[in-house]
Protein chains: 4
Amino acid sequence: MKKDIYRERLDAPLNENVVNFISSIKDDLWIAEEDIIGTEAHNIMLYEQKILTKNEIKEILSSLENIRKNLVNGKLKINNDFEDIHPFIEKCVIDEIGIDIGGKLHTGRSRNDQVSVDIRLKIRNELNELSEKLIGFIEVLLNLSQKTIKAYVPLYTHFQRGQLGVFAHYINNYISQIIRSLERIEEVYNRINKSPLGACAIGGTSINIERTRTAELLGFDGIIENSIDAISSRDYIYEVLMVNSLISLQFSRIAEDLLIWSTKEFQFIDLDEQYCSVSSVMPHKKNPDTLELIRSKTAKIISDHFSASMIIKAIPSGYFKDFQELKPLLKNSFDTLFSIIEIFSGIFKTIKINEVNMIKTIDESYILALEIAESLVHLFNIPFRLSHKIVGNLVKESSNPKDIMDKEKIESLIKKIYKQKIDLPPNFIQNIQNLEKCLENRISQGSPSISEVKKTIKVLDKQREAFNNKHIKRVEKIKDATLQREAIIKRLIS
Amino acid sequence: MKKDIYRERLDAPLNENVVNFISSIKDDLWIAEEDIIGTEAHNIMLYEQKILTKNEIKEILSSLENIRKNLVNGKLKINNDFEDIHPFIEKCVIDEIGIDIGGKLHTGRSRNDQVSVDIRLKIRNELNELSEKLIGFIEVLLNLSQKTIKAYVPLYTHFQRGQLGVFAHYINNYISQIIRSLERIEEVYNRINKSPLGACAIGGTSINIERTRTAELLGFDGIIENSIDAISSRDYIYEVLMVNSLISLQFSRIAEDLLIWSTKEFQFIDLDEQYCSVSSVMPHKKNPDTLELIRSKTAKIISDHFSASMIIKAIPSGYFKDFQELKPLLKNSFDTLFSIIEIFSGIFKTIKINEVNMIKTIDESYILALEIAESLVHLFNIPFRLSHKIVGNLVKESSNPKDIMDKEKIESLIKKIYKQKIDLPPNFIQNIQNLEKCLENRISQGSPSISEVKKTIKVLDKQREAFNNKHIKRVEKIKDATLQREAIIKRLIS
Amino acid sequence: MKKDIYRERLDAPLNENVVNFISSIKDDLWIAEEDIIGTEAHNIMLYEQKILTKNEIKEILSSLENIRKNLVNGKLKINNDFEDIHPFIEKCVIDEIGIDIGGKLHTGRSRNDQVSVDIRLKIRNELNELSEKLIGFIEVLLNLSQKTIKAYVPLYTHFQRGQLGVFAHYINNYISQIIRSLERIEEVYNRINKSPLGACAIGGTSINIERTRTAELLGFDGIIENSIDAISSRDYIYEVLMVNSLISLQFSRIAEDLLIWSTKEFQFIDLDEQYCSVSSVMPHKKNPDTLELIRSKTAKIISDHFSASMIIKAIPSGYFKDFQELKPLLKNSFDTLFSIIEIFSGIFKTIKINEVNMIKTIDESYILALEIAESLVHLFNIPFRLSHKIVGNLVKESSNPKDIMDKEKIESLIKKIYKQKIDLPPNFIQNIQNLEKCLENRISQGSPSISEVKKTIKVLDKQREAFNNKHIKRVEKIKDATLQREAIIKRLIS
Amino acid sequence: MKKDIYRERLDAPLNENVVNFISSIKDDLWIAEEDIIGTEAHNIMLYEQKILTKNEIKEILSSLENIRKNLVNGKLKINNDFEDIHPFIEKCVIDEIGIDIGGKLHTGRSRNDQVSVDIRLKIRNELNELSEKLIGFIEVLLNLSQKTIKAYVPLYTHFQRGQLGVFAHYINNYISQIIRSLERIEEVYNRINKSPLGACAIGGTSINIERTRTAELLGFDGIIENSIDAISSRDYIYEVLMVNSLISLQFSRIAEDLLIWSTKEFQFIDLDEQYCSVSSVMPHKKNPDTLELIRSKTAKIISDHFSASMIIKAIPSGYFKDFQELKPLLKNSFDTLFSIIEIFSGIFKTIKINEVNMIKTIDESYILALEIAESLVHLFNIPFRLSHKIVGNLVKESSNPKDIMDKEKIESLIKKIYKQKIDLPPNFIQNIQNLEKCLENRISQGSPSISEVKKTIKVLDKQREAFNNKHIKRVEKIKDATLQREAIIKRLIS
């Protein structure tokens, strides 16, 4: 199979090392089906524009459908000697139906707009899959949140115990972040879902093509107008990688939480054994390897983003082969993210929350200190900075957390610092020590009080549903375009 | 001035080295006014919630307004011994009006939500300034585009001459990219313009605050609900840095174009001398230093983005001091971008386009080869792959570009490759060589034909206007909130 | 003061915005003294080569010495309108002694070689300071290591308790890493300590200069031969930033250890209060802010390294203004690293090790499991994979760590898994539970047995001393060159 | 084949998704042979220490040799269900020779030290291969340099023509950079070539192993003492990636030079067609795709380095699974670099230098301006700053390069600026215009004068030879160790 179908202007073929070096054909399998679909849409348009005859379009579409089916079935034998997928598929068609018709396939376009259309089609699907998986993950998290509304836990800042909270509050925090990323996915999707097809090499074509028609056939929301922009800009890849990076950043932080909480020293959670590994030598070990790999694999996704920055930044306007290296970055970014969501979903479905340990930690901590300080503000209108000072001194003088639950000490410090004699109500300490009441008093919006947490869960669930609806619409628009194309193809082939 | 107003729980003060190491007070000047504004809004709300008396709010607001005015006038003496701006301003108030009232300033909030509100207020302004500058830059570019609609130039791919185009087409390409970034700015703005205030340390407060009220007073579109999310997430910083990175990427590529075009070998453009430097030793040099610095300063912006990735990724949920290092990254990112836009605007206002050289380059090139190939498709329905082969061979056999403008050679190659005898029309070559006609024939949407370029300019100008209108609305919403606050303050102070 | 002393070939001056954009003069203060020293050496050579007369060199050196003294005293008034430090100092000299002599200052060199010589001189000093500080830090660590040879601690892998060790073993691990970085510093130093001076703009000069002489006068070990290489390569900056990055990586990991160990849940260490911050709202908090800032500031150093990659990668051979942005990266990298070493030294000098908690953690752990397994290998030649299985099952069947210290259970598992009846010696369990003995048995080289730890401390101290000696030699070579120059200058001036 | 041979302590196996997520077995093929070799050395030592009997070592070695041969022959069937290569090979041995002997294989070591020894063995070979390839590339470059000693070319700074030079001078610049990287490779090699084996999990072992013996058997130069350091530090991976990054940086800049020089506008070089690609649509294109891919693939290598930074930085002391992701980064870094060197070698072997165009460019340039200025210094002792001004004005007043070769204009400018009447010698202009003479006058060391270039070539060739000798020694030391091991194995097996 002659691989160099474009190479008429040169005498020497690429030598073998060079083919290995420049060929992207293995990576191109990722976009092979998209390539065929794009070619079909382009040729349907050529036919509608009377550039192809009825017979020509029949032959071309039949051949492309053949190749597509073999590709899907895994029967297509890829020839690694080709530079990339585009000439390979063109050559397959030509071999099947002859140059007289097959040679018209590539009329009015170039590999430069073609590869960009392929990648946009692919990204579109990947973003939809990402949405779907994230929405599924949110369901898992919401479920866990429901179950842990009353699971008291210390909330940490600086790795130090801060305020009283409930476990569900942490989970809702995760969900809120994912919700914002769903929003970003949608925005990026809308910007990307434009067709560059017909920009040709860089400056358009004198062939009477109709760019909006191919856009419509492929389910795009419009076209990328300027032909240089269409073949030269890679912001669409950059911002997809960025969204994936941002999600990775959030996921890495979640993994970090779980790693800490599953140390024996914290022991707030137990990972299910199926997510843990063991040691080849230390018989007692149960290691959270999955979480560690989430941490490092997300680093890879983020640095892939950096790699893309470096590649894109280096080049002037126009198409350059440098772009080819962006494709495997995209693929890796999505594949890794998908597998992480899967693992995370499994982990959160099977995780065990150790409420006993969490309560024990609360009991051994000073996390009710702020409750005391704010109570002094409520009850006696002591300026917060002074009540903070009073409790600060209370803590300083204590040798363990129990010591600060001492009405007399507090009264004496009030006197010393606030310069007033105040009698605390008899049940002052009991009220503070009542965890349920403590949280109930936390009336600010978005706090971990039971009622706020419940409210938040409802809000998050609604947001999840809204994004799911938008997701479904996007998927349906693609499906509609596919059905339209299939109907046309069926009609033209038969 | 006692700097450690929170430090009651500890005996030892920070030692001096440590203060130098951890203090962010110099960087905090960037958000100092925002800090005061946020505190004013919070305290107005405390008054409205009856947590402060009429007299207390009067004293507090008077003092804050004093400090704010001194800050704006440059009279405020910052004390570098403070850890950061927050205790410094609280201490200024306390020193002025006493602890009994001043000590109530910080009721129901924490530095953790406060710093996030400050940065969001600041970013909001910076994003608006960025929009404004970009819109101004688009005007400069549109103006240049108008003037170069008929300036023929080769369009390059792979640094090699590709197709005929006009200079305006390159400029429109730049504008299209900036338009998309304006879209991103808007999206990010909407997501960021939410208030975290009232999330307190991490778990809310038992003080009866009203978070939506402070949000309203500060012109936010709503609140960040979950209190952990509000103080712990930094996606809002990450995505701002990302938008700036993406713009930087685009700008670096523009600089690269100009650098190449201003070599003596290309000489398509002349930079105005005021944007060029000279050599200390080579008397003849005129160097495009500004462009080179745009290239390297954008690298800085991009790597600041990755610095932020690394910082944020490392930490679990909760507030950590690591975040402090994000502020200077943001500041540098915006400042550098602003100066680049200014320089670029100046460059494009004063740039000289050398149409003579550009035409000369076209004449010495093969860039009309595709025109020949497509003409063979038009006129004789030769399959494109064969007409590509015919012209490929034509180029191979030529020793200079003129050689391919040879009717007989083409006819003979058609015969050899297409196996048919075809007589080209007598004016075939003249038609090809007529640059005006060539472009006129480029009928695909978004091509560099004069009519398409003109159409595009109109579209781009409309988009510019639409973004400008949105920009104005955002600015006005902030202004309205400011006026509302000022009226309240005036009323409460008097 | 006319700032554009090179700008004869152009009409228009740089406009003010452009000067602000391109001027590096503020950053150049970092290398100002080096710039003068380099100029002095170059001019001494010009005199020795008879290019300057006795009187000329006298005037030039007097003027340069004046400027240098004012610089050191802080009296030199820098004019920010200059593009950079080089024309500024040349202009100072010309203003003082006139153009007829002062105009000869820059004979046979260019800013391109000059800036590279300045930066190399500066880096040289910074690397020496870095060595010195690291060696000092090692002393602090060795001291702590001495004190904690018998402080038992669990050694962790995967954040899970692994094997028994001593605290000193962790510290020695830190020292070993720093030792390797001292080695790298030395290697990089030797490669960098070469003179580019005399490479001129890019292609050398027809002035009869003697490059090896200026190299000698500046204490360099030789010259960078090829003139393009001398002005165009920036590997020397890249590899310095890389060494700093690598040290940062190690330091960040140390900070991470300390952060974990200073949680209330681990509580192996207490940071001295002077290295901790408090909360504006939670009265009980004591936060390890310094450690968190080490973690984020090291991220900055690492991303500065990548910023440099991006800047350098973008440019072809030759000098480009892009390089200018590398200087602040270098400065920040060293300054931050120096401050981190200082903070770390303070932290490790004042840190409190909680041996009680560490022992308690050991007691509550399974970390002696491997000891049991290896004992079965020793005593009864049970294949390790089986003894690992035996103890694995022992742990699985236990409900707390004490449970595995059960002779009969072990015997029964041996029987079940090894299929042999074995009687464990009566003191089997006691021997395992004796921590001192356990470590004593750890006879492999480099283990945390007391004797190995002691041996290692001695080895590390010797290595420290060896690097210190090399450090002193490097410093003395620079000093010798300085004395030689000063003697010449004194002679020529008088 | 039971895959979980270590998993006795847990009930649940890893679920399938998790195995896919955490298994590195495919990546581990890269170190499979090293793993076996390391295991052989460890077991020989166990025998010598009398921990294994003669029969046991015979069985173990026979089995390992079997596996190794099957691996090399490609007959070994890897089971992807294993977590990684280490349990897989242990299980193969146990399956073959039974648990009673095979179960002793892993005595006194852990996967943690094992994987580090494997990677070090592998890196060692890769670094040697890298040296060899770079030395070969230098030969190609030296050959080209020899041929282009007299090929005049402008030397560029800021993309603008600077000084006259010869093409060989650029090539020598490349070689000098590669030489310094060979030095770095050597340094890193020496630091890496240490054995971590015997550090066991993290704290050594009570088995009576002899770490220095395994180090010797594997050709290491010593051991990594501290057991935590041995299993936890990854500076050795970081600095290898860094050296590869630095080489990539240099290579990318070389590619950038060639890309510019092969534009039609410069046309200093012609790439051989076998290194060029064509367009699917523009029949005339010949695109330097290989160079563009070098530019982007080097970006990948550099960002892999960043990825490693991010991964390593995130983790405290101890072994964490995160490390697993470093292996594919290393593999990709070396593989890509090897292919780039191969492509570059081919390109430079077949490149065509267009001396005619280069001379033409010189003729149309002002690059002799500095020659005029320096001549005025030589001949009339005019201060350089004034002669620079004179020639600056000369260029300003000229409308093309020929104009500055005007004796009278120069004389008049001298009078105007230097205020003296000077008669230039009659042959002044001819001397300047004589390119050969011009270069001859460039007497500074390392300049592109023919004699300096010739001298430099000799120096570079000697350096190449010296590094080659060191390379050979390193390879031989490994070979010696291999022979020693093979002899022992042969003896013990037979």
# chains A, B, ... in the order shown; residues from 1 in each chain; ligands from 1
$ interface_residues --of "chain D" --to "chain A" --cutoff "8 Å" --atoms "only C-alpha atoms" --output "number ranges by chain"
D: 6-15, 17-18, 21-22, 87, 109-111, 201, 273-286, 289-290, 292-293, 295-297, 299-300, 302-304, 306-307, 310-311, 320-325, 339, 343
$ residues_around --residues "C:Ile341" --least-positions-apart "5" --cutoff "10 Å" --atoms "only C-alpha atoms" --output "count of residues only"
10
$ residues_around --residues "A:Leu439" --least-positions-apart "2" --cutoff "9 Å" --atoms "only C-alpha atoms" --output "PyMOL selection string"
(chain A and resi 164-166+434-437+441-443+447-450) or (chain B and resi 206)
$ write_last_selection --atoms "N, CA and C atoms" --output "short mmCIF file (atom, residue, chain, number, x, y, z; two decimals), in the first residue's frame"
data_model
loop_
_atom_site.label_atom_id
_atom_site.label_comp_id
_atom_site.auth_asym_id
_atom_site.auth_seq_id
_atom_site.Cartn_x
_atom_site.Cartn_y
_atom_site.Cartn_z
N LEU A 164 -16.09 22.45 65.42
CA LEU A 164 -16.93 21.27 65.32
C LEU A 164 -17.70 21.28 64.00
N GLY A 165 -17.86 20.12 63.39
CA GLY A 165 -18.65 20.00 62.18
C GLY A 165 -19.22 18.62 62.06
N VAL A 166 -19.77 18.33 60.87
CA VAL A 166 -20.22 16.95 60.62
C VAL A 166 -19.56 16.47 59.35
N ASN A 434 -22.75 20.43 74.85
CA ASN A 434 -23.76 19.70 74.10
C ASN A 434 -23.53 19.89 72.60
N LEU A 435 -22.96 18.87 71.97
CA LEU A 435 -22.53 19.04 70.57
C LEU A 435 -23.72 19.36 69.66
N GLU A 436 -24.83 18.70 69.92
CA GLU A 436 -25.99 18.91 69.07
C GLU A 436 -26.41 20.38 69.11
N LYS A 437 -26.48 20.88 70.33
CA LYS A 437 -26.88 22.27 70.52
C LYS A 437 -25.87 23.23 69.89
N ASN A 441 -26.77 26.04 67.12
CA ASN A 441 -26.55 27.48 67.26
C ASN A 441 -25.81 28.10 66.08
N ARG A 442 -25.17 27.26 65.31
CA ARG A 442 -24.36 27.77 64.18
C ARG A 442 -25.33 28.18 63.07
N ILE A 443 -25.93 29.38 63.22
CA ILE A 443 -27.06 29.73 62.34
C ILE A 443 -26.65 30.40 61.04
N SER A 447 -23.36 26.86 57.17
CA SER A 447 -22.60 26.27 58.28
C SER A 447 -22.93 24.77 58.37
N PRO A 448 -22.18 24.02 59.20
CA PRO A 448 -22.47 22.59 59.32
C PRO A 448 -23.59 22.26 60.32
N SER A 449 -24.45 23.22 60.60
CA SER A 449 -25.58 22.84 61.45
C SER A 449 -26.44 21.85 60.67
N ILE A 450 -27.11 20.96 61.39
CA ILE A 450 -27.87 19.90 60.74
C ILE A 450 -28.84 20.47 59.70
N SER B 206 -21.99 31.23 65.37
CA SER B 206 -23.26 31.28 66.10
C SER B 206 -23.75 32.73 66.23
#
$ atom_distance --atom1 "atom CA of A:Lys264" --atom2 "atom CA of C:Ile353"
19.8 Å
$ residues_around --residues "C:Leu155" --least-positions-apart "4" --cutoff "8 Å" --atoms "only C-alpha atoms" --output "list in words"
Arg161, Gly162, Gln163, Leu164 and Gly165 of chain C; Ile202, Gly203 and Gly318 of chain D
$ decode --residues "stretch 184-208 of chain B" --atoms "N, CA, C and O atoms" --output "PDB file, in the first residue's frame"
ATOM      1  N   ARG B 184     -14.393  34.091  28.036  1.00  0.00           N
ATOM      2  CA  ARG B 184     -13.918  33.370  29.233  1.00  0.00           C
ATOM      3  C   ARG B 184     -13.879  34.278  30.456  1.00  0.00           C
ATOM      4  O   ARG B 184     -14.217  33.873  31.561  1.00  0.00           O
ATOM      5  N   ILE B 185     -13.411  35.488  30.258  1.00  0.00           N
ATOM      6  CA  ILE B 185     -13.340  36.435  31.382  1.00  0.00           C
ATOM      7  C   ILE B 185     -14.725  36.616  31.991  1.00  0.00           C
ATOM      8  O   ILE B 185     -14.891  36.614  33.219  1.00  0.00           O
ATOM      9  N   GLU B 186     -15.696  36.757  31.125  1.00  0.00           N
ATOM     10  CA  GLU B 186     -17.063  36.955  31.600  1.00  0.00           C
ATOM     11  C   GLU B 186     -17.543  35.745  32.422  1.00  0.00           C
ATOM     12  O   GLU B 186     -18.137  35.895  33.489  1.00  0.00           O
ATOM     13  N   GLU B 187     -17.302  34.562  31.893  1.00  0.00           N
ATOM     14  CA  GLU B 187     -17.741  33.356  32.594  1.00  0.00           C
ATOM     15  C   GLU B 187     -17.076  33.231  33.962  1.00  0.00           C
ATOM     16  O   GLU B 187     -17.721  32.926  34.969  1.00  0.00           O
ATOM     17  N   VAL B 188     -15.766  33.447  33.975  1.00  0.00           N
ATOM     18  CA  VAL B 188     -15.025  33.334  35.224  1.00  0.00           C
ATOM     19  C   VAL B 188     -15.506  34.412  36.197  1.00  0.00           C
ATOM     20  O   VAL B 188     -15.693  34.148  37.394  1.00  0.00           O
ATOM     21  N   TYR B 189     -15.727  35.595  35.676  1.00  0.00           N
ATOM     22  CA  TYR B 189     -16.231  36.698  36.514  1.00  0.00           C
ATOM     23  C   TYR B 189     -17.514  36.287  37.223  1.00  0.00           C
ATOM     24  O   TYR B 189     -17.659  36.470  38.435  1.00  0.00           O
ATOM     25  N   ASN B 190     -18.427  35.739  36.460  1.00  0.00           N
ATOM     26  CA  ASN B 190     -19.713  35.356  37.047  1.00  0.00           C
ATOM     27  C   ASN B 190     -19.565  34.300  38.132  1.00  0.00           C
ATOM     28  O   ASN B 190     -20.281  34.297  39.124  1.00  0.00           O
ATOM     29  N   ARG B 191     -18.621  33.397  37.923  1.00  0.00           N
ATOM     30  CA  ARG B 191     -18.429  32.339  38.918  1.00  0.00           C
ATOM     31  C   ARG B 191     -17.726  32.865  40.171  1.00  0.00           C
ATOM     32  O   ARG B 191     -17.972  32.390  41.277  1.00  0.00           O
ATOM     33  N   ILE B 192     -16.856  33.833  39.984  1.00  0.00           N
ATOM     34  CA  ILE B 192     -16.062  34.358  41.098  1.00  0.00           C
ATOM     35  C   ILE B 192     -16.831  35.354  41.928  1.00  0.00           C
ATOM     36  O   ILE B 192     -16.578  35.504  43.124  1.00  0.00           O
ATOM     37  N   ASN B 193     -17.764  36.019  41.306  1.00  0.00           N
ATOM     38  CA  ASN B 193     -18.428  37.142  41.971  1.00  0.00           C
ATOM     39  C   ASN B 193     -19.470  36.666  42.994  1.00  0.00           C
ATOM     40  O   ASN B 193     -20.646  37.007  42.949  1.00  0.00           O
ATOM     41  N   LYS B 194     -19.006  35.847  43.907  1.00  0.00           N
ATOM     42  CA  LYS B 194     -19.835  35.298  44.984  1.00  0.00           C
ATOM     43  C   LYS B 194     -19.114  35.568  46.304  1.00  0.00           C
ATOM     44  O   LYS B 194     -17.889  35.510  46.361  1.00  0.00           O
ATOM     45  N   SER B 195     -19.891  35.756  47.342  1.00  0.00           N
ATOM     46  CA  SER B 195     -19.277  36.125  48.616  1.00  0.00           C
ATOM     47  C   SER B 195     -19.018  34.932  49.534  1.00  0.00           C
ATOM     48  O   SER B 195     -19.932  34.161  49.834  1.00  0.00           O
ATOM     49  N   PRO B 196     -17.803  34.801  50.024  1.00  0.00           N
ATOM     50  CA  PRO B 196     -17.482  33.776  51.034  1.00  0.00           C
ATOM     51  C   PRO B 196     -17.651  34.323  52.459  1.00  0.00           C
ATOM     52  O   PRO B 196     -17.525  33.572  53.418  1.00  0.00           O
ATOM     53  N   LEU B 197     -17.931  35.600  52.577  1.00  0.00           N
ATOM     54  CA  LEU B 197     -17.937  36.247  53.891  1.00  0.00           C
ATOM     55  C   LEU B 197     -19.001  35.629  54.798  1.00  0.00           C
ATOM     56  O   LEU B 197     -20.145  35.457  54.397  1.00  0.00           O
ATOM     57  N   GLY B 198     -18.597  35.335  56.016  1.00  0.00           N
ATOM     58  CA  GLY B 198     -19.512  34.725  56.966  1.00  0.00           C
ATOM     59  C   GLY B 198     -19.275  33.228  57.118  1.00  0.00           C
ATOM     60  O   GLY B 198     -19.892  32.576  57.967  1.00  0.00           O
ATOM     61  N   ALA B 199     -18.416  32.687  56.274  1.00  0.00           N
ATOM     62  CA  ALA B 199     -18.047  31.272  56.456  1.00  0.00           C
ATOM     63  C   ALA B 199     -17.213  31.122  57.719  1.00  0.00           C
ATOM     64  O   ALA B 199     -17.032  30.030  58.237  1.00  0.00           O
ATOM     65  N   CYS B 200     -16.706  32.267  58.186  1.00  0.00           N
ATOM     66  CA  CYS B 200     -15.874  32.307  59.387  1.00  0.00           C
ATOM     67  C   CYS B 200     -14.649  31.396  59.226  1.00  0.00           C
ATOM     68  O   CYS B 200     -14.139  31.246  58.111  1.00  0.00           O
ATOM     69  N   ALA B 201     -14.148  30.827  60.290  1.00  0.00           N
ATOM     70  CA  ALA B 201     -12.885  30.086  60.233  1.00  0.00           C
ATOM     71  C   ALA B 201     -12.983  28.919  59.256  1.00  0.00           C
ATOM     72  O   ALA B 201     -12.175  28.764  58.354  1.00  0.00           O
ATOM     73  N   ILE B 202     -13.989  28.095  59.411  1.00  0.00           N
ATOM     74  CA  ILE B 202     -14.228  26.973  58.490  1.00  0.00           C
ATOM     75  C   ILE B 202     -15.650  26.442  58.673  1.00  0.00           C
ATOM     76  O   ILE B 202     -16.218  25.887  57.750  1.00  0.00           O
ATOM     77  N   GLY B 203     -16.237  26.712  59.869  1.00  0.00           N
ATOM     78  CA  GLY B 203     -17.528  26.085  60.157  1.00  0.00           C
ATOM     79  C   GLY B 203     -18.644  27.049  60.506  1.00  0.00           C
ATOM     80  O   GLY B 203     -19.580  26.682  61.202  1.00  0.00           O
ATOM     81  N   GLY B 204     -18.568  28.286  60.003  1.00  0.00           N
ATOM     82  CA  GLY B 204     -19.644  29.225  60.292  1.00  0.00           C
ATOM     83  C   GLY B 204     -19.574  29.764  61.705  1.00  0.00           C
ATOM     84  O   GLY B 204     -18.569  29.568  62.415  1.00  0.00           O
ATOM     85  N   THR B 205     -20.620  30.433  62.121  1.00  0.00           N
ATOM     86  CA  THR B 205     -20.603  31.138  63.401  1.00  0.00           C
ATOM     87  C   THR B 205     -21.972  31.075  64.061  1.00  0.00           C
ATOM     88  O   THR B 205     -22.983  30.898  63.379  1.00  0.00           O
ATOM     89  N   SER B 206     -21.991  31.230  65.374  1.00  0.00           N
ATOM     90  CA  SER B 206     -23.262  31.284  66.098  1.00  0.00           C
ATOM     91  C   SER B 206     -23.749  32.726  66.230  1.00  0.00           C
ATOM     92  O   SER B 206     -24.808  32.971  66.779  1.00  0.00           O
ATOM     93  N   ILE B 207     -22.933  33.662  65.752  1.00  0.00           N
ATOM     94  CA  ILE B 207     -23.374  35.055  65.719  1.00  0.00           C
ATOM     95  C   ILE B 207     -24.448  35.170  64.633  1.00  0.00           C
ATOM     96  O   ILE B 207     -24.346  34.557  63.597  1.00  0.00           O
ATOM     97  N   ASN B 208     -25.467  35.998  64.942  1.00  0.00           N
ATOM     98  CA  ASN B 208     -26.613  36.061  64.030  1.00  0.00           C
ATOM     99  C   ASN B 208     -26.346  36.946  62.809  1.00  0.00           C
ATOM    100  O   ASN B 208     -26.959  37.998  62.628  1.00  0.00           O
TER     101      ASN B 208
END
